[in-house]
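Below is one structure, written out as C-alpha cells; the observations come after it.
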Amino acid sequence: MSVATPKNILGYEWYKLKQISYSKESIEVNLNLERDRTHNHLCSVCNQKASPQRKKDRRVKDLLFHGWKTLVVLEYYEVKCKQCGLRVEHIPFVRPYARATKRFEEAVAWLCQHLPLSVVALYFSLNWKTVTNIDKAYLEYRFEAPSLDNITVIRVL
C-alpha cells in the first residue's frame, strides 16, 4: 500500500510542493511549486523534447480550497523546440499562456452551462470577460467546428 503525497492529492503532475503560505485578510492560499527534475522539458505545441532556455515564474488560479482562493506559483521554462522554435514548456495541468489551471477552467465552463455568466464571475471573483474567454476556449476545445465544404447554398428565412 502506498502513501498519498501532497503531489498526488493536489494533482500537480511533474511538480513538487515547495511552500504553502496564506493570508487571513484576503482569504487566500499560495502554493509554491517547483519542477520535478526527473521529467524532460517538452514543447507545449508538439510535445517533443526541447532544450530549456530561460526559467520563469507563473501565477495561476486554482479551485477554492475549503473556501479560500488558491493561487499557484510555479516555475516553468521557455524552451527551444527543433520544430516550433521558442515556446513555453508543456505543463500538464495548465494550458499554454493560461492564467488558471485546467480544472479551474473546467469548473467555470461547467457552471456557465447552468448559470448566467455574471453569477459565475461573481462566484469566482473574476471579470465577466475572463469568464467569457474561459467558456469560449472550453467550447472550442470540446466541440470542433462543423465542416462547410459540401455547402453550396445558404438560405435565410
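Starting from 1 in every chain, residues are counted up; chains themselves are A, B, ... following the order of the C-alpha cells, and ligands are numbered from 1 as listed.
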As a VMD selection string, list the residues of chain A assigned to alpha helix (DSSP H) by DSSP on the backbone atoms of this structure. chain A and resid 6 to 10 102 to 114 117 to 124 128 to 142
12 Å contact set for Ser118 (chain A), only C-alpha atoms, chain neighbours under 4 positions out, as a PDB file with C-alpha atoms, in the first residue's frame:
ATOM      1  CA  VAL A 108     -16.004  27.752 -14.715  1.00  0.00           C
ATOM      2  CA  LEU A 111     -21.090  26.473 -14.209  1.00  0.00           C
ATOM      3  CA  CYS A 112     -21.512  28.574 -17.380  1.00  0.00           C
ATOM      4  CA  HIS A 114     -26.088  26.189 -15.748  1.00  0.00           C
ATOM      5  CA  LEU A 122     -19.190  36.809  -9.057  1.00  0.00           C
ATOM      6  CA  TYR A 123     -18.755  33.331  -7.559  1.00  0.00           C
ATOM      7  CA  PHE A 124     -15.132  33.011  -8.716  1.00  0.00           C
ATOM      8  CA  SER A 125     -14.300  36.738  -8.250  1.00  0.00           C
ATOM      9  CA  LEU A 126     -13.464  37.091 -11.937  1.00  0.00           C
ATOM     10  CA  ASN A 127     -14.163  39.714 -14.567  1.00  0.00           C
ATOM     11  CA  TRP A 128     -17.068  38.630 -16.785  1.00  0.00           C
ATOM     12  CA  LYS A 129     -14.782  38.913 -19.848  1.00  0.00           C
ATOM     13  CA  THR A 130     -12.434  36.380 -18.263  1.00  0.00           C
ATOM     14  CA  VAL A 131     -15.364  34.021 -17.690  1.00  0.00           C
ATOM     15  CA  THR A 132     -16.469  34.520 -21.304  1.00  0.00           C
TER      16      THR A 132
END
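Of note, CA of Ala137 (chain A) and CA of Lys102 (chain A) are spaced 11.0 Å apart.
Note that CA of Cys46 (chain A) and CA of Val72 (chain A) are 25.0 Å apart.
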Find the residues around region 26-28 of chain A up to 12 Å (only C-alpha atoms counted), leave out those fewer than 6 positions away in its own chain, and share them as a list in words. Ile20, Lys61, Asp62, Leu63, Leu64, Phe65, His66, Gly67, Trp68, Lys69, Thr70, Leu71 and Val72 of chain A
Write out, as a PDB file, in the first residue's frame, the residues just selected, with N, CA and C atoms.
ATOM      1  N   ILE A  20       3.870  26.466   1.307  1.00  0.00           N
ATOM      2  CA  ILE A  20       2.479  26.916   1.403  1.00  0.00           C
ATOM      3  C   ILE A  20       2.455  28.156   2.280  1.00  0.00           C
ATOM      4  N   LYS A  61      -4.568  30.717 -11.114  1.00  0.00           N
ATOM      5  CA  LYS A  61      -5.652  30.458 -10.157  1.00  0.00           C
ATOM      6  C   LYS A  61      -6.011  28.984 -10.189  1.00  0.00           C
ATOM      7  N   ASP A  62      -6.393  28.481  -9.023  1.00  0.00           N
ATOM      8  CA  ASP A  62      -6.884  27.114  -8.931  1.00  0.00           C
ATOM      9  C   ASP A  62      -8.212  27.129  -8.186  1.00  0.00           C
ATOM     10  N   LEU A  63      -8.856  25.991  -8.106  1.00  0.00           N
ATOM     11  CA  LEU A  63     -10.140  25.892  -7.419  1.00  0.00           C
ATOM     12  C   LEU A  63     -10.022  26.318  -5.962  1.00  0.00           C
ATOM     13  N   LEU A  64     -11.136  26.734  -5.396  1.00  0.00           N
ATOM     14  CA  LEU A  64     -11.167  27.120  -3.987  1.00  0.00           C
ATOM     15  C   LEU A  64     -10.730  25.946  -3.117  1.00  0.00           C
ATOM     16  N   PHE A  65      -9.987  26.248  -2.069  1.00  0.00           N
ATOM     17  CA  PHE A  65      -9.512  25.236  -1.133  1.00  0.00           C
ATOM     18  C   PHE A  65     -10.187  25.493   0.205  1.00  0.00           C
ATOM     19  N   HIS A  66     -11.257  24.765   0.496  1.00  0.00           N
ATOM     20  CA  HIS A  66     -12.057  24.958   1.718  1.00  0.00           C
ATOM     21  C   HIS A  66     -12.528  26.400   1.857  1.00  0.00           C
ATOM     22  N   GLY A  67     -12.969  26.987   0.741  1.00  0.00           N
ATOM     23  CA  GLY A  67     -13.487  28.349   0.752  1.00  0.00           C
ATOM     24  C   GLY A  67     -12.427  29.424   0.577  1.00  0.00           C
ATOM     25  N   TRP A  68     -11.173  29.044   0.511  1.00  0.00           N
ATOM     26  CA  TRP A  68     -10.076  30.005   0.335  1.00  0.00           C
ATOM     27  C   TRP A  68      -9.692  30.073  -1.141  1.00  0.00           C
ATOM     28  N   LYS A  69      -9.430  31.285  -1.641  1.00  0.00           N
ATOM     29  CA  LYS A  69      -8.910  31.439  -3.003  1.00  0.00           C
ATOM     30  C   LYS A  69      -7.539  30.765  -3.043  1.00  0.00           C
ATOM     31  N   THR A  70      -7.251  30.092  -4.129  1.00  0.00           N
ATOM     32  CA  THR A  70      -5.974  29.389  -4.251  1.00  0.00           C
ATOM     33  C   THR A  70      -5.196  29.944  -5.428  1.00  0.00           C
ATOM     34  N   LEU A  71      -3.974  30.346  -5.157  1.00  0.00           N
ATOM     35  CA  LEU A  71      -3.075  30.847  -6.183  1.00  0.00           C
ATOM     36  C   LEU A  71      -1.852  29.936  -6.217  1.00  0.00           C
ATOM     37  N   VAL A  72      -1.548  29.401  -7.387  1.00  0.00           N
ATOM     38  CA  VAL A  72      -0.412  28.503  -7.552  1.00  0.00           C
ATOM     39  C   VAL A  72       0.706  29.280  -8.238  1.00  0.00           C
TER      40      VAL A  72
END
Which residue gives the smallest distance to Ser21 (chain A) among A:Arg99, A:Val73, A:Leu148, A:Lys80, with only C-alpha atoms counted? A:Val73
I'd like the contact shell of region 40-44 of chain A - 8 Å cut-off, only C-alpha atoms, skipping same-chain residues fewer than 4 positions apart - returned as a ChimeraX atom specification. /A:48-52,77,79-81,84,87-91,96
Quote the spacing between CA of Ala109 (chain A) and CA of Leu33 (chain A) in Å to one decimal place.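 Separation between CA of Ala109 (chain A) and CA of Leu33 (chain A): 25.5 Å.
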